[in-house]
>>> print(open('upload-v1.txt').read())   # compact mmCIF, C-alpha atoms and all ligand atoms
# COMPACT_ATOMS: atom_id res chain seq x y z
CA MET A 1 -31.88 -1.16 0.21
CA LYS A 2 -29.50 -0.34 3.00
CA ASN A 3 -31.19 2.92 3.95
CA PHE A 4 -31.65 3.72 7.64
CA ILE A 5 -30.65 6.09 10.42
CA LEU A 6 -28.73 5.53 13.66
CA LYS A 7 -29.56 7.93 16.48
CA GLY A 8 -27.13 8.42 19.36
CA ASP A 9 -23.94 10.16 20.50
CA ILE A 10 -21.67 10.11 17.48
CA CYS A 11 -17.89 10.50 17.24
CA TYR A 12 -15.50 10.02 14.32
CA SER A 13 -12.27 11.38 12.85
CA LYS A 14 -12.07 13.73 9.91
CA THR A 15 -8.42 14.61 10.42
CA ILE A 16 -5.73 13.08 12.58
CA ASN A 17 -5.93 15.89 15.13
CA GLU A 18 -9.63 16.12 15.78
CA ILE A 19 -12.47 13.84 16.78
CA CYS A 20 -15.81 15.25 15.59
CA CYS A 21 -18.48 14.68 18.21
CA SER A 22 -22.20 15.18 17.94
CA GLU A 23 -24.48 14.45 20.87
CA ASN A 24 -27.98 13.10 20.32
CA SER A 25 -27.63 13.18 16.55
CA CYS A 26 -28.48 11.18 13.46
CA LEU A 27 -26.13 9.23 11.22
CA ILE A 28 -27.66 8.48 7.83
CA CYS A 29 -26.97 5.28 5.90
CA GLU A 30 -27.88 5.51 2.22
CA ASN A 31 -27.15 2.52 -0.04
CA GLY A 32 -24.60 1.17 2.43
CA LYS A 33 -22.68 4.44 2.65
CA SER A 34 -22.69 7.31 5.10
CA ALA A 35 -24.77 10.29 4.00
CA GLY A 36 -23.47 12.34 6.92
CA VAL A 37 -24.28 13.30 10.51
CA TYR A 38 -27.11 15.69 11.33
CA ARG A 39 -28.70 17.15 14.45
CA GLU A 40 -32.17 16.66 12.94
CA ILE A 41 -33.20 14.23 10.22
CA PRO A 42 -33.16 16.14 6.89
CA GLU A 43 -36.48 16.15 5.01
CA LYS A 44 -35.29 13.76 2.25
CA TYR A 45 -34.41 11.03 4.77
CA LYS A 46 -37.62 11.33 6.83
CA GLU A 47 -38.93 7.99 5.53
CA TYR A 48 -35.85 6.01 6.60
CA GLU A 49 -36.18 3.60 9.51
CA VAL A 50 -34.54 4.92 12.72
CA TYR A 51 -32.56 2.66 15.04
CA ASP A 52 -32.71 4.51 18.33
CA TYR A 53 -29.48 4.21 20.32
CA SER A 54 -30.04 7.41 22.31
CA GLY A 55 -27.50 7.83 25.10
CA LYS A 56 -25.11 5.34 23.49
CA LEU A 57 -21.87 5.97 21.64
CA ILE A 58 -21.69 5.45 17.87
CA MET A 59 -18.19 5.18 16.40
CA PRO A 60 -16.79 4.06 13.05
CA GLY A 61 -15.84 0.38 12.88
CA PHE A 62 -12.25 -0.38 13.84
CA ILE A 63 -9.74 -1.69 11.31
CA ASP A 64 -7.32 -4.45 12.31
CA LEU A 65 -4.54 -4.17 9.74
CA HIS A 66 -2.64 -7.23 10.97
CA ILE A 67 -3.83 -10.44 12.60
CA HIS A 68 -2.89 -14.15 12.35
CA ALA A 69 -6.03 -16.31 12.49
CA PRO A 70 -4.19 -19.64 13.12
CA GLN A 71 -2.44 -18.18 16.16
CA PHE A 72 -5.70 -17.30 17.88
CA ALA A 73 -5.99 -20.59 19.78
CA PHE A 74 -2.71 -20.15 21.69
CA ARG A 75 -2.82 -16.39 22.31
CA GLY A 76 -1.53 -15.39 25.72
CA THR A 77 0.98 -18.25 25.96
CA GLY A 78 4.73 -18.42 25.32
CA MET A 79 4.99 -14.72 25.94
CA ASP A 80 8.51 -14.93 27.35
CA LEU A 81 10.25 -15.45 24.01
CA GLU A 82 11.60 -13.12 21.32
CA LEU A 83 10.45 -13.26 17.72
CA MET A 84 12.71 -15.88 16.11
CA GLU A 85 12.46 -18.35 18.97
CA TRP A 86 8.77 -17.63 19.49
CA LEU A 87 8.12 -18.40 15.82
CA SER A 88 9.77 -21.81 15.95
CA VAL A 89 8.56 -22.86 19.39
CA GLN A 90 5.05 -21.36 19.33
CA ALA A 91 3.79 -20.08 16.01
CA PHE A 92 5.14 -22.69 13.57
CA ALA A 93 4.24 -25.58 15.86
CA GLU A 94 0.63 -24.37 16.07
CA GLU A 95 0.36 -23.48 12.38
CA ALA A 96 1.46 -27.01 11.40
CA ARG A 97 -1.85 -28.24 12.87
CA TYR A 98 -3.76 -26.57 10.04
CA SER A 99 -2.94 -29.42 7.68
CA ASP A 100 -5.86 -31.00 9.57
CA GLU A 101 -9.09 -29.59 8.13
CA GLU A 102 -11.16 -30.65 11.10
CA TYR A 103 -8.91 -28.69 13.44
CA ALA A 104 -9.01 -25.72 11.05
CA CYS A 105 -12.83 -25.78 11.01
CA ARG A 106 -13.02 -25.68 14.80
CA ALA A 107 -10.31 -23.13 15.42
CA TYR A 108 -11.23 -20.78 12.55
CA GLY A 109 -14.92 -21.00 13.46
CA LEU A 110 -14.09 -19.77 16.97
CA PHE A 111 -11.77 -17.09 15.63
CA ALA A 112 -14.41 -15.67 13.27
CA GLN A 113 -17.06 -15.75 16.01
CA MET A 114 -14.83 -13.79 18.39
CA LEU A 115 -13.94 -11.26 15.73
CA ARG A 116 -17.62 -10.81 14.88
CA LYS A 117 -18.34 -9.90 18.49
CA SER A 118 -15.47 -7.38 18.62
CA VAL A 119 -15.39 -3.76 17.45
CA THR A 120 -13.44 -4.78 14.35
CA THR A 121 -15.29 -4.30 11.07
CA ARG A 122 -12.44 -4.91 8.62
CA ALA A 123 -9.23 -6.91 8.92
CA CYS A 124 -6.10 -8.04 7.08
CA ILE A 125 -5.62 -11.67 8.06
CA PHE A 126 -2.80 -14.19 7.73
CA ALA A 127 -3.84 -17.83 7.38
CA THR A 128 -1.21 -20.59 7.03
CA CYS A 129 0.41 -22.09 3.93
CA HIS A 130 -2.33 -24.77 3.70
CA VAL A 131 -4.78 -24.16 0.86
CA PRO A 132 -7.79 -26.15 2.20
CA ALA A 133 -7.53 -24.52 5.65
CA THR A 134 -7.19 -21.06 4.10
CA LYS A 135 -10.43 -21.66 2.18
CA ILE A 136 -12.11 -22.74 5.43
CA LEU A 137 -10.97 -19.49 7.05
CA MET A 138 -12.38 -17.49 4.13
CA ASP A 139 -15.73 -19.29 4.47
CA CYS A 140 -15.80 -18.48 8.20
CA MET A 141 -14.90 -14.83 7.60
CA GLU A 142 -17.54 -14.45 4.89
CA GLU A 143 -20.13 -15.70 7.34
CA SER A 144 -18.94 -13.33 10.10
CA GLY A 145 -20.11 -10.24 8.20
CA ILE A 146 -16.69 -8.62 8.58
CA VAL A 147 -14.90 -7.46 5.44
CA SER A 148 -11.45 -9.01 5.21
CA TYR A 149 -8.41 -9.70 3.16
CA VAL A 150 -7.20 -13.24 3.84
CA GLY A 151 -3.79 -14.53 2.77
CA LYS A 152 -2.51 -18.03 2.19
CA VAL A 153 1.00 -17.74 3.65
CA ASN A 154 4.07 -18.42 1.49
CA MET A 155 7.20 -19.81 3.14
CA ASP A 156 9.84 -21.97 1.49
CA ARG A 157 12.77 -21.71 3.92
CA GLU A 158 13.69 -21.44 7.61
CA ALA A 159 10.73 -23.40 8.93
CA PRO A 160 10.22 -27.00 10.12
CA ASP A 161 9.52 -29.68 7.50
CA THR A 162 5.98 -30.00 8.84
CA LEU A 163 5.22 -26.47 7.69
CA ARG A 164 7.73 -25.34 5.06
CA GLU A 165 6.62 -25.58 1.44
CA SER A 166 8.92 -27.84 -0.57
CA ASP A 167 10.14 -25.10 -2.93
CA ALA A 168 9.27 -21.78 -4.54
CA TYR A 169 7.41 -23.38 -7.44
CA GLN A 170 5.20 -25.56 -5.28
CA SER A 171 4.41 -22.54 -3.09
CA ALA A 172 3.54 -20.47 -6.16
CA ASP A 173 1.48 -23.32 -7.70
CA ASP A 174 -0.51 -23.72 -4.51
CA THR A 175 -1.12 -19.98 -4.42
CA VAL A 176 -2.50 -20.02 -7.96
CA LYS A 177 -4.68 -23.06 -7.19
CA TRP A 178 -6.01 -21.26 -4.14
CA LEU A 179 -6.74 -18.07 -6.10
CA GLU A 180 -8.49 -19.96 -8.91
CA SER A 181 -10.58 -21.97 -6.47
CA ILE A 182 -11.98 -18.91 -4.67
CA SER A 183 -12.37 -16.65 -7.68
CA GLY A 184 -15.76 -14.86 -7.50
CA LYS A 185 -16.87 -16.93 -4.52
CA TYR A 186 -17.19 -14.23 -1.86
CA LYS A 187 -18.86 -10.87 -1.39
CA ARG A 188 -16.76 -9.52 1.47
CA THR A 189 -13.68 -11.77 1.67
CA PHE A 190 -10.76 -11.08 -0.63
CA PRO A 191 -7.37 -12.69 -1.26
CA ILE A 192 -4.12 -10.94 -0.37
CA LEU A 193 -0.63 -12.12 -1.29
CA THR A 194 1.21 -13.11 1.91
CA PRO A 195 4.95 -13.83 1.77
CA ARG A 196 5.47 -14.44 5.50
CA PHE A 197 8.65 -12.36 5.89
CA ILE A 198 12.04 -12.27 4.19
CA PRO A 199 13.65 -15.04 6.30
CA SER A 200 10.83 -17.39 5.14
CA CYS A 201 11.00 -16.55 1.43
CA THR A 202 13.74 -17.32 -1.10
CA ASP A 203 14.44 -14.95 -3.99
CA GLU A 204 12.88 -17.53 -6.36
CA LEU A 205 9.67 -17.47 -4.34
CA LEU A 206 9.51 -13.66 -4.26
CA SER A 207 10.07 -13.61 -8.00
CA GLU A 208 7.22 -16.12 -8.57
CA LEU A 209 4.94 -14.15 -6.24
CA HIS A 210 5.66 -10.98 -8.16
CA LYS A 211 4.28 -12.62 -11.31
CA ILE A 212 1.18 -13.74 -9.42
CA GLN A 213 0.73 -10.27 -7.93
CA GLU A 214 0.75 -8.72 -11.38
CA LYS A 215 -1.45 -11.34 -13.02
CA TYR A 216 -4.16 -11.23 -10.34
CA ASP A 217 -3.62 -7.58 -9.32
CA LEU A 218 -3.37 -8.53 -5.64
CA PRO A 219 -2.59 -6.47 -2.57
CA VAL A 220 0.31 -7.64 -0.39
CA GLN A 221 0.83 -8.09 3.37
CA SER A 222 3.96 -9.06 5.25
CA HIS A 223 6.29 -8.20 8.15
CA LEU A 224 9.09 -5.63 8.19
CA SER A 225 11.95 -4.64 10.52
CA GLU A 226 10.32 -6.08 13.63
CA ASN A 227 13.20 -7.45 15.72
CA PRO A 228 17.01 -6.86 15.81
CA ASP A 229 17.90 -10.56 15.24
CA GLU A 230 15.47 -10.78 12.32
CA ILE A 231 16.92 -7.63 10.73
CA GLU A 232 20.44 -8.99 11.19
CA TRP A 233 19.34 -12.24 9.52
CA VAL A 234 18.14 -10.30 6.49
CA ARG A 235 21.29 -8.15 6.38
CA LYS A 236 23.51 -11.25 6.38
CA ASN A 237 21.46 -13.48 4.08
CA VAL A 238 20.18 -10.95 1.56
CA PRO A 239 23.30 -8.82 1.20
CA ASP A 240 22.20 -7.25 -2.09
CA SER A 241 19.22 -5.49 -0.57
CA LYS A 242 19.97 -1.95 0.61
CA PHE A 243 17.70 -2.36 3.64
CA TYR A 244 15.03 -4.84 4.76
CA GLY A 245 12.18 -3.30 2.76
CA ASP A 246 14.36 -3.25 -0.35
CA ALA A 247 14.34 -7.07 -0.29
CA TYR A 248 10.58 -6.90 -1.04
CA ASP A 249 10.81 -3.89 -3.33
CA ARG A 250 13.29 -5.65 -5.65
CA TYR A 251 10.44 -8.04 -6.45
CA GLY A 252 7.64 -5.46 -6.73
CA LEU A 253 6.14 -6.51 -3.39
CA PHE A 254 6.50 -3.20 -1.59
CA GLY A 255 3.78 -0.76 -2.60
CA ARG A 256 3.79 1.24 -5.84
CA GLY A 257 1.56 -0.84 -8.16
CA ALA A 258 0.89 -3.35 -5.38
CA LYS A 259 -1.11 -1.99 -2.44
CA THR A 260 0.97 -3.21 0.52
CA VAL A 261 0.74 -3.31 4.30
CA MET A 262 3.81 -4.12 6.39
CA ALA A 263 3.46 -5.03 10.04
CA HIS A 264 5.66 -3.59 12.80
CA CYS A 265 8.40 -1.41 11.24
CA VAL A 266 10.01 -0.99 14.66
CA TYR A 267 13.51 -0.26 13.30
CA PRO A 268 13.14 1.40 9.90
CA VAL A 269 16.29 3.11 8.62
CA ILE A 270 15.90 6.53 6.98
CA ASP A 271 16.08 5.12 3.44
CA GLU A 272 13.39 2.63 4.36
CA VAL A 273 11.06 5.35 5.64
CA GLU A 274 11.62 7.29 2.44
CA ARG A 275 10.94 4.25 0.26
CA MET A 276 7.77 3.48 2.22
CA LYS A 277 6.58 7.02 1.68
CA GLU A 278 7.47 7.03 -2.00
CA ASN A 279 5.82 3.64 -2.58
CA GLU A 280 2.80 4.44 -0.35
CA VAL A 281 3.34 1.37 1.80
CA PHE A 282 0.99 1.14 4.79
CA VAL A 283 2.36 0.45 8.28
CA ALA A 284 0.41 -1.79 10.66
CA HIS A 285 1.56 -0.68 14.12
CA CYS A 286 1.10 -3.55 16.58
CA PRO A 287 2.00 -2.24 20.04
CA ALA A 288 0.95 -5.27 22.13
CA SER A 289 3.01 -7.62 19.99
CA ASN A 290 5.99 -5.27 20.12
CA MET A 291 5.81 -5.43 23.94
CA ASN A 292 5.11 -9.16 24.30
CA LEU A 293 7.93 -10.25 21.99
CA SER A 294 10.30 -7.58 23.42
CA SER A 295 10.60 -6.22 19.89
CA GLY A 296 10.79 -2.55 20.79
CA ILE A 297 8.63 0.53 20.17
CA ALA A 298 7.79 1.53 16.62
CA PRO A 299 8.52 5.21 15.87
CA VAL A 300 4.93 6.05 14.97
CA ARG A 301 5.38 9.81 15.30
CA LYS A 302 8.02 9.53 12.55
CA PHE A 303 5.48 7.77 10.30
CA ILE A 304 2.86 10.42 11.00
CA ASP A 305 5.30 13.31 10.41
CA ASN A 306 6.41 11.70 7.14
CA ARG A 307 2.79 11.20 6.06
CA ILE A 308 3.24 7.46 5.84
CA LYS A 309 -0.09 5.67 5.76
CA THR A 310 -0.46 4.06 9.17
CA GLY A 311 -3.03 1.94 10.98
CA LEU A 312 -3.10 -0.41 13.95
CA GLY A 313 -3.04 -4.19 14.24
CA THR A 314 -3.57 -6.65 17.06
CA ASP A 315 -1.07 -9.15 15.60
CA ILE A 316 -2.68 -12.07 17.35
CA ALA A 317 -0.81 -13.97 18.79
CA GLY A 318 2.28 -11.81 19.15
CA GLY A 319 -0.45 -9.60 20.56
CA HIS A 320 -2.67 -11.43 23.04
CA SER A 321 -5.91 -9.46 22.67
CA ILE A 322 -8.24 -9.37 19.71
CA SER A 323 -9.57 -6.00 20.86
CA MET A 324 -8.83 -2.90 18.82
CA PHE A 325 -9.82 -0.80 21.87
CA ARG A 326 -6.89 -2.43 23.60
CA ALA A 327 -4.64 -1.71 20.59
CA VAL A 328 -5.55 1.99 20.81
CA THR A 329 -4.71 2.19 24.50
CA ASP A 330 -1.48 0.24 24.03
CA ALA A 331 -0.41 2.54 21.17
CA VAL A 332 -0.89 5.64 23.33
CA GLN A 333 0.92 4.04 26.26
CA VAL A 334 3.98 2.76 24.37
CA SER A 335 4.37 6.17 22.74
CA LYS A 336 4.68 7.65 26.23
CA LEU A 337 7.46 5.19 27.08
CA TYR A 338 9.17 6.10 23.81
CA TYR A 339 8.99 9.77 24.77
CA ARG A 340 10.23 9.26 28.31
CA LEU A 341 12.80 6.51 27.79
CA VAL A 342 13.96 6.73 24.17
CA ASP A 343 13.70 10.29 22.85
CA ASN A 344 12.16 13.14 24.82
CA THR A 345 11.88 15.31 21.72
CA VAL A 346 9.22 12.94 20.32
CA LYS A 347 5.85 13.84 21.78
CA PRO A 348 3.60 10.95 22.86
CA LEU A 349 0.63 10.14 20.62
CA THR A 350 -2.68 11.71 21.58
CA PHE A 351 -5.97 9.82 21.82
CA GLU A 352 -7.13 11.82 18.78
CA GLU A 353 -4.18 10.58 16.74
CA VAL A 354 -4.51 6.94 17.71
CA PHE A 355 -8.31 6.87 17.31
CA TYR A 356 -7.69 8.13 13.78
CA LEU A 357 -5.06 5.43 13.08
CA ALA A 358 -7.43 2.71 14.31
CA THR A 359 -10.32 3.91 12.14
CA LYS A 360 -9.70 6.23 9.20
CA GLY A 361 -5.92 5.65 9.01
CA GLY A 362 -6.10 1.87 8.63
CA GLY A 363 -9.45 2.20 6.85
CA GLU A 364 -7.77 3.71 3.82
CA PHE A 365 -6.36 0.27 3.00
CA PHE A 366 -9.96 -0.78 2.28
CA GLY A 367 -10.92 2.36 0.33
CA LYS A 368 -13.19 5.00 1.86
CA THR A 369 -13.74 3.41 5.27
CA GLY A 370 -13.24 4.34 8.91
CA SER A 371 -15.12 7.64 9.07
CA PHE A 372 -18.69 8.95 8.92
CA GLU A 373 -17.93 11.63 6.36
CA GLU A 374 -20.27 11.52 3.40
CA GLY A 375 -19.51 8.72 0.94
CA TYR A 376 -17.67 6.50 3.42
CA GLU A 377 -18.68 2.83 3.70
CA PHE A 378 -21.20 2.54 6.48
CA ASP A 379 -19.17 0.70 9.14
CA ALA A 380 -20.28 1.56 12.67
CA VAL A 381 -20.18 0.19 16.21
CA VAL A 382 -22.66 1.11 18.92
CA ILE A 383 -21.24 1.01 22.43
CA ASP A 384 -23.29 1.13 25.60
CA ASP A 385 -21.20 2.97 28.20
CA GLY A 386 -24.13 3.38 30.59
CA LEU A 387 -22.30 1.22 33.11
CA TYR A 388 -19.77 3.93 33.84
CA PRO A 389 -20.60 6.67 36.28
CA LEU A 390 -21.97 10.11 35.65
CA LEU A 391 -22.03 10.16 31.88
CA GLU A 392 -24.38 13.08 31.86
CA TYR A 393 -21.52 15.25 33.13
CA MET A 394 -19.12 14.18 30.39
CA THR A 395 -18.66 15.22 26.79
CA VAL A 396 -19.03 12.61 24.05
CA ARG A 397 -15.30 12.97 23.35
CA LYS A 398 -14.44 12.12 26.97
CA ARG A 399 -16.86 9.20 27.03
CA ALA A 400 -15.28 7.80 23.88
CA GLU A 401 -11.80 7.91 25.40
CA ARG A 402 -13.03 6.42 28.67
CA VAL A 403 -14.83 3.50 27.12
CA VAL A 404 -11.86 2.65 24.89
CA TYR A 405 -9.57 2.64 27.94
CA ILE A 406 -11.87 0.93 30.44
CA ASP A 407 -13.92 -1.48 28.37
CA SER A 408 -10.87 -3.01 26.77
CA GLU A 409 -12.69 -6.12 25.53
CA ALA A 410 -15.63 -4.03 24.26
CA THR A 411 -18.21 -5.83 26.39
CA GLY A 412 -20.53 -2.85 25.82
CA LEU A 413 -20.79 -3.59 22.09
CA GLU A 414 -24.51 -3.37 21.34
CA ALA A 415 -24.60 -3.33 17.57
CA LYS A 416 -22.24 -3.45 14.62
CA PHE A 417 -22.80 -2.48 10.98
CA VAL A 418 -20.48 -3.29 8.08
CA GLY A 419 -21.10 -1.74 4.66
CA GLY A 420 -24.62 -0.88 5.84
CA GLU A 421 -25.43 -4.43 6.99
CA LYS A 422 -26.19 -5.14 10.62
CA VAL A 423 -23.91 -8.00 11.70
CA VAL A 424 -24.38 -7.83 15.49
N1 LIG A 501 7.28 -12.47 11.43
C1 LIG A 501 7.10 -13.55 10.65
N2 LIG A 501 6.04 -14.27 11.05
C2 LIG A 501 5.55 -13.63 12.11
C3 LIG A 501 4.44 -13.89 12.97
O1 LIG A 501 3.71 -14.86 12.84
N3 LIG A 501 4.23 -12.97 13.97
C4 LIG A 501 5.02 -11.89 14.14
N4 LIG A 501 4.76 -11.04 15.13
N5 LIG A 501 6.07 -11.64 13.36
C5 LIG A 501 6.32 -12.49 12.35
FE FE A 502 2.42 -10.73 12.53
>>> encode(input="upload-v1.txt", output="structure tokens", more="lines below")
Ligand code: GUN
Ligand code: FE
Amino acid sequence: MKNFILKGDICYSKTINEICCSENSCLICENGKSAGVYREIPEKYKEYEVYDYSGKLIMPGFIDLHIHAPQFAFRGTGMDLELMEWLSVQAFAEEARYSDEEYACRAYGLFAQMLRKSVTTRACIFATCHVPATKILMDCMEESGIVSYVGKVNMDREAPDTLRESDAYQSADDTVKWLESISGKYKRTFPILTPRFIPSCTDELLSELHKIQEKYDLPVQSHLSENPDEIEWVRKNVPDSKFYGDAYDRYGLFGRGAKTVMAHCVYPVIDEVERMKENEVFVAHCPASNMNLSSGIAPVRKFIDNRIKTGLGTDIAGGHSISMFRAVTDAVQVSKLYYRLVDNTVKPLTFEEVFYLATKGGGEFFGKTGSFEEGYEFDAVVIDDGLYPLLEYMTVRKRAERVVYIDSEATGLEAKFVGGEKVV
């Protein structure tokens, strides 16, 4: 039974505008779910084992809504290119290596180990188009203790021969083989349909994927409106779609029946925002990637005001850091540049807002996760911030902000729980 209590300085989001903080308090885990935060242990939980993290911060686990596992090995290199060139020079060249299972074992093993030691408790992950390597990644993720969606990538055009799938039908066949081979195999690792982005996917492929989505009732992840050249490519080559997102929606791969997360959304047109809202498409805002690839600054305030479901992603290796603390800081900072340099009527994001996006906002993609409200999956990280001066003079709220900003690689991570299981 996953019944226990964490004692410490607790902070979590209930709404987007407020972080609830409770010093020296108890967080109850009952059957792998939160049973709430209390000052004193209620009578009915008195028998539960107590993990004493007094003086340390306890936060919900962080949700990485967008990350490419096969790009982990070369993160932090080739950062002087824009998206389309970066893909062909950096990303595709590296991803082609994953036809080699031995390489995949090594690189994915390291990736999963690093993610385990981070503050991330749940993630939406791109693999490559290779089925054996994707299964290796799923094995590694299962072992990490993190809950994840993992996607075999589909791409049948605009990629080198070493990586591109020969046609839509082979890509779809491989996807079905992959799904059949992992059916029922994992407890915490789930498949997600992953058409790479519109330039990589022909209409025939999207149409085949739609059938697979319906048959297997799969969620979907992809990229949307990230870079001006990419958007222009879609406008020219898919002239029938009203806007970029419409090119997915025409094939039922843009929310509605299919739970969908789209990374970036830096340049959404008004109709696109409305369609995303109507279809309940999630946005994965990836600020580090948007900076590194000179993509731009996503209008996150617009998503929040329009009640579009939004979370954060690291987008390794467009983003160079696996740390969701870093993603939070970056999101606040780029919103300030947006305010100052792009539109001074758009207020910068607050720490409260971005903490919410990184936990409860993105967590909604996984169900009731990312908060300590009663009934939420018990995902928690314990952070020792004792290294930083004069904590006794600071509120829990201030300490949370400080540790996210200063300890960007989360070196103070002392423990991590996912679904009530201790994984670190
Ligand atoms: N668009 C299509 N593929 C990719 C990728 O691997 N990274 C990023 N940032 N954007 C993409
Ligand atoms: Fe990406």
>>> atom_distance(input="upload-v1.txt", atom1="CA of Pro132 (chain A)", atom2="CA of Tyr169 (chain A)")
18.2 Å
>>> residues_around(input="upload-v1.txt", residues="Asp156 (chain A)", least_positions_apart="6", cutoff="12 Å", atoms="all atoms listed in the file", output="PyMOL selection string")
chain A and resi 129+162-172+195-206+208
>>> write_last_selection(input="upload-v1.txt", atoms="C-alpha atoms", output="PDB file, keeping the file's coordinate frame")
ATOM      1  CA  CYS A 129       0.410 -22.090   3.930  1.00  0.00           C
ATOM      2  CA  THR A 162       5.980 -30.000   8.840  1.00  0.00           C
ATOM      3  CA  LEU A 163       5.220 -26.470   7.690  1.00  0.00           C
ATOM      4  CA  ARG A 164       7.730 -25.340   5.060  1.00  0.00           C
ATOM      5  CA  GLU A 165       6.620 -25.580   1.440  1.00  0.00           C
ATOM      6  CA  SER A 166       8.920 -27.840  -0.570  1.00  0.00           C
ATOM      7  CA  ASP A 167      10.140 -25.100  -2.930  1.00  0.00           C
ATOM      8  CA  ALA A 168       9.270 -21.780  -4.540  1.00  0.00           C
ATOM      9  CA  TYR A 169       7.410 -23.380  -7.440  1.00  0.00           C
ATOM     10  CA  GLN A 170       5.200 -25.560  -5.280  1.00  0.00           C
ATOM     11  CA  SER A 171       4.410 -22.540  -3.090  1.00  0.00           C
ATOM     12  CA  ALA A 172       3.540 -20.470  -6.160  1.00  0.00           C
ATOM     13  CA  PRO A 195       4.950 -13.830   1.770  1.00  0.00           C
ATOM     14  CA  ARG A 196       5.470 -14.440   5.500  1.00  0.00           C
ATOM     15  CA  PHE A 197       8.650 -12.360   5.890  1.00  0.00           C
ATOM     16  CA  ILE A 198      12.040 -12.270   4.190  1.00  0.00           C
ATOM     17  CA  PRO A 199      13.650 -15.040   6.300  1.00  0.00           C
ATOM     18  CA  SER A 200      10.830 -17.390   5.140  1.00  0.00           C
ATOM     19  CA  CYS A 201      11.000 -16.550   1.430  1.00  0.00           C
ATOM     20  CA  THR A 202      13.740 -17.320  -1.100  1.00  0.00           C
ATOM     21  CA  ASP A 203      14.440 -14.950  -3.990  1.00  0.00           C
ATOM     22  CA  GLU A 204      12.880 -17.530  -6.360  1.00  0.00           C
ATOM     23  CA  LEU A 205       9.670 -17.470  -4.340  1.00  0.00           C
ATOM     24  CA  LEU A 206       9.510 -13.660  -4.260  1.00  0.00           C
ATOM     25  CA  GLU A 208       7.220 -16.120  -8.570  1.00  0.00           C
TER      26      GLU A 208
END
>>> closest_atom_pairs(input="upload-v1.txt", of="chain A", to="ligand FE 502 (chain A)", cutoff="7 Å", atoms="only C-alpha atoms and all ligand atoms", output="JSON lines")
{"residue": "A:His66", "atom": "CA", "partner": "A:FE502", "partner_atom": "FE", "distance": 6.3}
{"residue": "A:Ile67", "atom": "CA", "partner": "A:FE502", "partner_atom": "FE", "distance": 6.3}
{"residue": "A:His68", "atom": "CA", "partner": "A:FE502", "partner_atom": "FE", "distance": 6.3}
{"residue": "A:His223", "atom": "CA", "partner": "A:FE502", "partner_atom": "FE", "distance": 6.4}
{"residue": "A:Ala263", "atom": "CA", "partner": "A:FE502", "partner_atom": "FE", "distance": 6.3}
{"residue": "A:Asp315", "atom": "CA", "partner": "A:FE502", "partner_atom": "FE", "distance": 4.9}
{"residue": "A:Gly318", "atom": "CA", "partner": "A:FE502", "partner_atom": "FE", "distance": 6.7}
>>> write_last_selection(input="upload-v1.txt", atoms="C-alpha atoms", output="compact mmCIF listing (two decimals), keeping the file's coordinate frame")
# COMPACT_ATOMS: atom_id res chain seq x y z
CA HIS A 66 -2.64 -7.23 10.97
CA ILE A 67 -3.83 -10.44 12.60
CA HIS A 68 -2.89 -14.15 12.35
CA HIS A 223 6.29 -8.20 8.15
CA ALA A 263 3.46 -5.03 10.04
CA ASP A 315 -1.07 -9.15 15.60
CA GLY A 318 2.28 -11.81 19.15
>>> atom_distance(input="upload-v1.txt", atom1="CA of Gly8 (chain A)", atom2="CA of Glu142 (chain A)")
28.7 Å
>>> closest_residue(input="upload-v1.txt", among="A:His320, A:Lys185, A:Lys242, A:Lys14", to="Arg275 (chain A)", atoms="only C-alpha atoms")
A:Lys242
>>> residues_near_ligand(input="upload-v1.txt", ligand="ligand LIG 501 (chain A)", cutoff="10 Å", atoms="only C-alpha atoms and all ligand atoms", output="ChimeraX atom specification")
/A:66-71,82-84,86-88,90-92,95,126-128,153,155,195-200,222-227,230,263-264,286,288-290,292-293,295,314-319
>>> atom_distance(input="upload-v1.txt", atom1="CA of Pro42 (chain A)", atom2="CA of Ser22 (chain A)")
15.6 Å
>>> residues_around(input="upload-v1.txt", residues="Asp305 (chain A)", least_positions_apart="3", cutoff="12 Å", atoms="all atoms listed in the file", output="PyMOL selection string")
chain A and resi 16+273-274+277+299-302+308-310+346-347+349+353
>>> closest_residue(input="upload-v1.txt", among="A:Ile41, A:Met141, A:Val354, A:Ala298", to="Cys105 (chain A)", atoms="all atoms listed in the file")
A:Met141
>>> closest_residue(input="upload-v1.txt", among="A:Thr121, A:Thr369, A:Gln213, A:Ser13", to="Ala415 (chain A)", atoms="all atoms listed in the file")
A:Thr121
>>> residues_around(input="upload-v1.txt", residues="Phe378 (chain A)", least_positions_apart="2", cutoff="9 Å", atoms="only C-alpha atoms", output="PyMOL selection string")
chain A and resi 28-35+60-61+369-372+375-376+380+417-421
